[in-house]
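What follows is start17.txt (compact mmCIF, C-alpha atoms).
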# COMPACT_ATOMS: atom_id res chain seq x y z
CA MET A 1 160.95 51.01 -137.65
CA THR A 2 161.37 51.85 -134.00
CA LEU A 3 164.39 50.81 -131.99
CA PRO A 4 162.72 48.02 -129.92
CA LEU A 5 161.29 46.49 -133.08
CA PHE A 6 164.67 46.63 -134.79
CA LEU A 7 166.35 45.04 -131.75
CA PHE A 8 163.69 42.33 -131.67
CA TYR A 9 164.27 41.34 -135.29
CA LEU A 10 168.04 41.56 -134.89
CA PHE A 11 168.11 39.25 -131.89
CA ALA A 12 165.43 36.97 -133.30
CA VAL A 13 167.57 36.37 -136.37
CA LEU A 14 170.61 35.92 -134.14
CA ALA A 15 168.77 33.36 -132.00
CA VAL A 16 167.57 31.37 -134.99
CA LEU A 17 170.97 31.40 -136.66
CA SER A 18 172.83 30.28 -133.56
CA ALA A 19 170.21 27.60 -132.86
CA LEU A 20 170.71 26.29 -136.40
CA ALA A 21 174.46 26.40 -135.87
CA MET A 22 174.06 24.37 -132.68
CA VAL A 23 172.01 21.66 -134.34
CA ALA A 24 174.06 21.57 -137.54
CA ASN A 25 177.49 21.53 -135.93
CA VAL A 26 178.63 17.92 -136.01
CA ARG A 27 182.32 18.63 -135.70
CA ASN A 28 182.74 20.39 -132.41
CA THR A 29 180.50 19.93 -129.39
CA VAL A 30 182.12 22.84 -127.56
CA ALA A 31 181.20 25.19 -130.42
CA ALA A 32 177.65 23.85 -130.30
CA ALA A 33 177.47 24.72 -126.60
CA MET A 34 178.76 28.22 -127.33
CA SER A 35 176.07 28.64 -129.99
CA LEU A 36 173.54 27.66 -127.33
CA VAL A 37 174.87 30.48 -125.13
CA ILE A 38 174.30 32.96 -127.96
CA THR A 39 170.72 31.74 -128.35
CA MET A 40 170.09 32.10 -124.61
CA VAL A 41 171.46 35.64 -124.45
CA ALA A 42 169.51 36.71 -127.55
CA LEU A 43 166.35 35.32 -125.95
CA ALA A 44 167.15 37.24 -122.76
CA VAL A 45 167.29 40.46 -124.79
CA ILE A 46 163.91 39.62 -126.30
CA TYR A 47 162.53 39.04 -122.79
CA VAL A 48 163.67 42.54 -121.85
CA LEU A 49 161.88 43.91 -124.91
CA LEU A 50 158.76 42.06 -123.74
CA GLU A 51 158.96 43.70 -120.29
CA ALA A 52 160.05 40.56 -118.43
CA HIS A 53 163.12 41.95 -116.73
CA LEU A 54 163.46 39.47 -113.88
CA VAL A 55 162.99 36.56 -116.25
CA ALA A 56 165.67 37.99 -118.54
CA ALA A 57 168.15 38.28 -115.68
CA ILE A 58 167.43 34.74 -114.50
CA GLN A 59 167.66 33.48 -118.07
CA ILE A 60 171.20 34.80 -118.35
CA MET A 61 172.19 33.61 -114.86
CA VAL A 62 170.72 30.12 -114.98
CA TYR A 63 170.86 29.24 -118.68
CA GLY A 64 173.90 31.17 -119.85
CA GLY A 65 175.71 30.88 -116.55
CA ALA A 66 174.85 27.52 -115.04
CA ILE A 67 173.32 25.13 -117.52
CA VAL A 68 175.62 25.77 -120.46
CA VAL A 69 178.65 25.76 -118.19
CA LEU A 70 177.50 22.37 -116.95
CA PHE A 71 177.29 21.20 -120.57
CA LEU A 72 180.76 22.54 -121.34
CA PHE A 73 182.08 20.93 -118.18
CA VAL A 74 180.78 17.51 -119.19
CA VAL A 75 181.93 17.89 -122.80
CA MET A 76 185.44 18.74 -121.69
CA LEU A 77 185.43 16.12 -118.93
CA LEU A 78 184.61 13.41 -121.45
CA ASN A 79 187.02 14.94 -123.99
CA LEU A 80 184.49 15.00 -126.82
CA ARG A 81 186.00 17.52 -129.15
CA SER A 82 184.51 15.96 -132.24
CA ASP A 83 181.58 13.66 -132.68
CA ASP A 84 182.06 12.37 -136.17
CA PHE A 85 180.04 9.25 -135.72
CA PRO A 86 180.28 6.91 -138.67
CA PRO A 87 177.26 7.32 -140.91
CA GLY A 88 174.77 4.50 -140.61
CA ARG A 89 171.11 5.09 -141.24
CA GLN A 90 171.92 8.74 -140.89
CA ARG A 91 170.46 9.98 -144.14
CA LEU A 92 167.09 8.36 -143.48
CA THR A 93 167.02 9.74 -139.94
CA LYS A 94 167.89 13.20 -141.15
CA ALA A 95 165.19 13.19 -143.79
CA ALA A 96 162.64 11.97 -141.28
CA GLY A 97 163.75 14.61 -138.79
CA ALA A 98 163.53 17.43 -141.30
CA LEU A 99 160.10 16.26 -142.43
CA LEU A 100 158.87 16.06 -138.84
CA GLY A 101 160.24 19.53 -138.21
CA VAL A 102 158.46 21.00 -141.20
CA PHE A 103 155.21 19.38 -140.12
CA ALA A 104 155.60 20.70 -136.59
CA LEU A 105 156.27 24.20 -137.91
CA ALA A 106 153.28 24.02 -140.24
CA GLY A 107 151.09 22.86 -137.37
CA PHE A 108 152.20 25.74 -135.23
CA LEU A 109 151.79 28.34 -137.94
CA ARG A 110 148.33 27.10 -138.89
CA GLY A 111 146.86 28.72 -135.80
CA TYR A 112 148.66 31.93 -136.67
CA GLY A 113 145.71 34.26 -136.51
CA ALA A 114 145.66 37.93 -135.68
CA LEU A 115 146.39 38.44 -132.00
CA PRO A 116 145.10 41.61 -130.37
CA PRO A 117 147.71 44.35 -129.86
CA ALA A 118 149.51 44.26 -126.53
CA PRO A 119 147.94 46.58 -123.97
CA PRO A 120 149.92 49.32 -122.21
CA LEU A 121 151.52 48.18 -118.98
CA PRO A 122 151.63 49.67 -115.48
CA GLU A 123 154.86 51.06 -114.11
CA GLY A 124 157.30 48.41 -112.91
CA PHE A 125 155.73 45.51 -114.78
CA GLY A 126 157.96 42.45 -114.80
CA GLY A 127 160.40 43.96 -112.34
CA TYR A 128 161.98 42.24 -109.38
CA ARG A 129 159.51 43.58 -106.84
CA ALA A 130 156.34 42.74 -108.73
CA VAL A 131 157.35 39.24 -109.84
CA GLY A 132 158.91 38.50 -106.46
CA LEU A 133 155.69 39.44 -104.70
CA ALA A 134 153.72 37.21 -107.05
CA LEU A 135 156.17 34.35 -106.44
CA TYR A 136 155.98 34.53 -102.67
CA THR A 137 152.26 35.21 -102.28
CA ASP A 138 150.22 33.55 -105.03
CA TYR A 139 152.77 30.95 -106.00
CA VAL A 140 154.47 30.12 -102.74
CA LEU A 141 153.45 26.45 -102.98
CA LEU A 142 155.00 26.26 -106.43
CA VAL A 143 158.28 27.67 -105.07
CA GLU A 144 158.33 25.04 -102.33
CA MET A 145 157.68 22.31 -104.88
CA ALA A 146 160.53 23.65 -107.01
CA SER A 147 162.88 23.38 -104.05
CA LEU A 148 161.80 19.77 -103.51
CA LEU A 149 162.35 19.04 -107.20
CA LEU A 150 165.85 20.51 -107.11
CA THR A 151 166.73 18.48 -104.03
CA ALA A 152 165.53 15.31 -105.73
CA ALA A 153 167.52 16.21 -108.85
CA ILE A 154 170.71 16.75 -106.84
CA VAL A 155 170.35 13.39 -105.11
CA GLY A 156 169.49 11.65 -108.37
CA ALA A 157 172.41 13.17 -110.26
CA LEU A 158 174.81 12.19 -107.49
CA ILE A 159 173.62 8.60 -107.44
CA LEU A 160 173.65 8.37 -111.24
CA ALA A 161 177.14 9.77 -111.59
CA LYS A 162 178.60 7.55 -108.88
CA ARG A 163 177.21 4.18 -109.75
CA LYS A 164 179.05 1.74 -111.94
CA ILE A 165 176.67 -0.51 -113.81
CA SER A 166 178.25 -3.82 -114.64
CA MET B 1 155.48 47.79 -130.20
CA ILE B 2 156.57 44.27 -131.01
CA PRO B 3 153.89 42.28 -132.86
CA LEU B 4 153.13 39.21 -130.74
CA GLU B 5 152.58 37.04 -133.81
CA HIS B 6 156.23 37.39 -134.59
CA VAL B 7 157.19 36.42 -131.05
CA ILE B 8 155.08 33.27 -131.29
CA GLY B 9 156.48 32.60 -134.75
CA LEU B 10 160.03 32.86 -133.43
CA SER B 11 159.07 30.52 -130.62
CA ALA B 12 157.68 28.00 -133.12
CA ILE B 13 160.80 28.20 -135.28
CA LEU B 14 163.12 27.66 -132.33
CA PHE B 15 160.99 24.75 -131.09
CA THR B 16 161.13 23.16 -134.53
CA ILE B 17 164.90 23.52 -134.68
CA GLY B 18 165.02 21.82 -131.30
CA VAL B 19 162.80 18.95 -132.49
CA VAL B 20 164.95 18.46 -135.56
CA GLY B 21 168.05 18.41 -133.36
CA VAL B 22 166.57 15.78 -131.05
CA VAL B 23 165.51 13.57 -133.95
CA THR B 24 168.57 13.85 -136.17
CA ARG B 25 171.59 14.11 -133.88
CA ARG B 26 173.12 11.08 -132.22
CA ASN B 27 175.34 12.78 -129.70
CA LEU B 28 173.49 12.53 -126.40
CA ILE B 29 174.87 15.87 -125.17
CA VAL B 30 173.66 17.70 -128.28
CA ILE B 31 170.27 16.04 -127.87
CA LEU B 32 170.08 17.42 -124.33
CA MET B 33 171.03 20.86 -125.67
CA SER B 34 168.25 20.64 -128.25
CA ILE B 35 165.80 19.82 -125.47
CA GLU B 36 166.99 22.96 -123.70
CA LEU B 37 166.32 24.87 -126.90
CA MET B 38 162.77 23.52 -127.02
CA LEU B 39 162.19 24.55 -123.40
CA ASN B 40 163.48 28.01 -124.24
CA ALA B 41 161.08 28.30 -127.15
CA VAL B 42 158.19 27.47 -124.83
CA ASN B 43 159.47 30.07 -122.36
CA LEU B 44 159.44 32.66 -125.11
CA ALA B 45 155.81 31.84 -125.89
CA PHE B 46 154.94 32.14 -122.19
CA VAL B 47 156.57 35.55 -121.90
CA GLY B 48 154.94 36.75 -125.11
CA PHE B 49 151.47 35.73 -123.99
CA ASN B 50 152.06 37.26 -120.58
CA ARG B 51 152.84 40.52 -122.36
CA LEU B 52 149.64 40.15 -124.36
CA TRP B 53 147.32 39.43 -121.44
CA PRO B 54 148.99 41.05 -118.44
CA GLU B 55 145.82 41.36 -116.37
CA GLY B 56 145.78 37.62 -115.66
CA ALA B 57 142.75 35.35 -115.48
CA GLY B 58 141.96 34.78 -111.83
CA GLY B 59 145.59 34.46 -110.81
CA SER B 60 148.12 37.24 -110.62
CA ALA B 61 149.39 39.39 -113.46
CA TYR B 62 152.51 37.28 -113.74
CA ASP B 63 151.19 33.79 -114.50
CA GLY B 64 153.33 33.47 -117.60
CA GLN B 65 156.54 34.77 -116.06
CA VAL B 66 156.20 32.59 -112.96
CA PHE B 67 155.70 29.60 -115.23
CA VAL B 68 158.85 30.55 -117.07
CA LEU B 69 160.75 30.56 -113.79
CA MET B 70 159.37 27.09 -113.00
CA VAL B 71 160.34 25.83 -116.45
CA ILE B 72 163.87 27.13 -115.88
CA THR B 73 163.95 25.25 -112.56
CA VAL B 74 162.81 22.05 -114.22
CA ALA B 75 165.37 22.56 -117.00
CA ALA B 76 168.18 22.92 -114.48
CA ALA B 77 167.09 19.75 -112.68
CA GLU B 78 166.73 17.92 -115.98
CA VAL B 79 170.21 18.93 -117.11
CA ALA B 80 171.74 17.79 -113.83
CA VAL B 81 170.11 14.36 -114.09
CA GLY B 82 170.65 14.12 -117.85
CA LEU B 83 174.34 14.88 -117.65
CA GLY B 84 174.61 12.40 -114.78
CA ILE B 85 173.17 9.81 -117.15
CA VAL B 86 175.62 10.90 -119.87
CA ILE B 87 178.59 10.47 -117.54
CA SER B 88 177.35 7.11 -116.36
CA MET B 89 176.82 6.00 -119.96
CA PHE B 90 180.27 7.18 -120.98
CA ARG B 91 181.77 5.21 -118.11
CA ASN B 92 180.04 2.01 -119.07
CA ARG B 93 180.06 2.21 -122.88
CA ASP B 94 182.92 4.62 -123.53
CA SER B 95 180.69 6.56 -125.90
CA VAL B 96 177.92 9.16 -126.00
CA ASN B 97 176.46 7.91 -129.25
CA ILE B 98 172.84 6.99 -128.65
CA GLU B 99 173.09 4.11 -131.14
CA ASP B 100 175.34 2.38 -128.63
CA VAL B 101 172.59 2.22 -126.03
CA SER B 102 169.69 0.25 -127.36
CA LEU B 103 168.76 -1.75 -124.27
CA LEU B 104 165.23 -0.35 -124.18
CA ARG B 105 164.67 -0.31 -127.92
CA TRP B 106 161.96 -2.59 -129.17
Can the structure from this file be put into structure tokens for me?
Amino acid sequence: MTLPLFLFYLFAVLAVLSALAMVANVRNTVAAAMSLVITMVALAVIYVLLEAHLVAAIQIMVYGGAIVVLFLFVVMLLNLRSDDFPPGRQRLTKAAGALLGVFALAGFLRGYGALPPAPPLPEGFGGYRAVGLALYTDYVLLVEMASLLLTAAIVGALILAKRKIS
Amino acid sequence: MIPLEHVIGLSAILFTIGVVGVVTRRNLIVILMSIELMLNAVNLAFVGFNRLWPEGAGGSAYDGQVFVLMVITVAAAEVAVGLGIVISMFRNRDSVNIEDVSLLRW
């Protein structure tokens, strides 16, 4: 087994385990957020192995750096160390959720045919220069729309967080 | 060389874990985190397929990676608005349990 393949399986297992830990952790929301960070970083490593270097860097910066910190910030702001909600219809919901999950997984894996092997790549594939050029030539409209979306999200979040609904 | 089937399989597994989290958990913050996990699984599939077909169909060679960047943008916006909703809900109900907000439930 070559080194990239070994790293892929290592970080794939790590990502799945920490994702499971995030979903299964009902005691401590902060620990769940930290598990999410581990998943994000493991996925960033897998992106590097798949020759998507810029995407990997942005994954760590935006997901590991910004989004999860925002989660942690809110969790600590609301002082939600534990979320031991009293059990209600929890068992039924859990069974339904697990069943739905298994069905979704089966549906995905049904179309699990043989993909062709990945072709060799040109030099600098997935680097900053190449992806940046694609972003600002072919996809410049998309970038502008993203900026509009972010502006709208900022305004919306401000209004939502300020208002007191009676 | 990493077999792409395994990348897509990992993506499917992560997405499923995210779905299970959304359906079973009742903490609104953890539900938002599970949605992030689902978005990440989709990103992984995008990057994997971009590695598989790097020549692009009509567009540039980076269709998949540019889409991943857009998904990350949308995820950031979604988290900002979602956590705004969480804070507003905590202010009004003093809870982040989704069973406490059933105004729109039929």
**Message:** For region 94-98 of chain B, find every residue with an atom within 7 Å (counting only C-alpha atoms), except residues of its own chain fewer than 3 positions away, and show them as a PyMOL selection string.
**Reply:** chain B and resi 26-28+86+89-91+101
**Nearest to Gly127 (chain A) by atom-to-atom distance, counting all atoms listed in the file, from A:Leu148, A:Ala21, A:Val55, A:Ala95** =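 Among A:Leu148, A:Ala21, A:Val55, A:Ala95, it is A:Val55 that comes nearest to Gly127 (chain A).
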**Request:** Kindly determine which residues of chain B lie within 6 Å of chain A, considering only C-alpha atoms, and give the answer as an MDAnalysis selection string.
**Result:** chainID B and resid 2 16 20:21 23:24 52 77 80:81 84 88
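Within 6 Å of region 64-73 of chain B there are Asn43, Phe46, Val47 and Asn50 of chain B, counting only C-alpha atoms and ignoring same-chain residues fewer than 4 positions away.
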**d(CA of Ile17 (chain B), CA of Leu14 (chain A)) in Å** =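 Result for CA of Ile17 (chain B) versus CA of Leu14 (chain A): 13.7 Å, one decimal.
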**Asked** Looking at all atoms listed in the file, which of B:Leu103, B:Ile87, B:Ile35, B:Leu44 is the one that sits closest to Ala75 (chain B)?
**Response** B:Ile35
**Request:** Tell me, in Å to one decimal, how far CA of Leu14 (chain B) is from CA of Asn40 (chain B).
**Result:**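 About the pair CA of Leu14 (chain B) and CA of Asn40 (chain B): they are 8.1 Å apart.
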Padding 8 Å on each side, edges along x, y and z: where is the centre of the box around the listed atoms of region 72-88 of chain B, and how long are its edges in Å to one decimal? Output it as AutoDock Vina command-line options.
--center_x 170.7 --center_y 17.1 --center_z -116.2 --size_x 31.8 --size_y 36.0 --size_z 23.3
**Request:** Enter the distance from CA of Ser11 (chain B) to CA of Glu55 (chain B), in Å, rounded to one decimal.
**Result:**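 Separating CA of Ser11 (chain B) from CA of Glu55 (chain B) is a distance of 22.3 Å.
Distance annotation: of B:Val42, B:Leu37, B:Ile29, B:Ile85, the residue with the minimal separation from Met76 (chain A) is B:Ile29; atom set is all atoms listed in the file.
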Could you give me, as a PDB file with C-alpha atoms, in the coordinates of the input, the residues within 8 Å of Gly48 (chain B), counting all atoms listed in the file and dropping anything in the same chain fewer than 6 positions from it?
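Dumped everything to part.pdb:
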ATOM      1  CA  LEU A  50     158.760  42.060-123.740  1.00  0.00           C
TER       2      LEU A  50
ATOM      3  CA  LEU B   4     153.130  39.210-130.740  1.00  0.00           C
ATOM      4  CA  VAL B   7     157.190  36.420-131.050  1.00  0.00           C
ATOM      5  CA  ILE B   8     155.080  33.270-131.290  1.00  0.00           C
TER       6      ILE B   8
END
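Nearest residue to Ala41 (chain B), choosing from B:Pro54, B:Pro3, B:Gly18, B:Gly82 and counting only C-alpha atoms: B:Gly18.
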**Message:** Given all atoms listed in the file as the basis, pick out the residue of B:Leu104, B:Met1, B:Ala12, B:Leu83 nearest to Ala45 (chain B).
**Reply:**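 Ranked by minimum distance to Ala45 (chain B), first place goes to B:Ala12.
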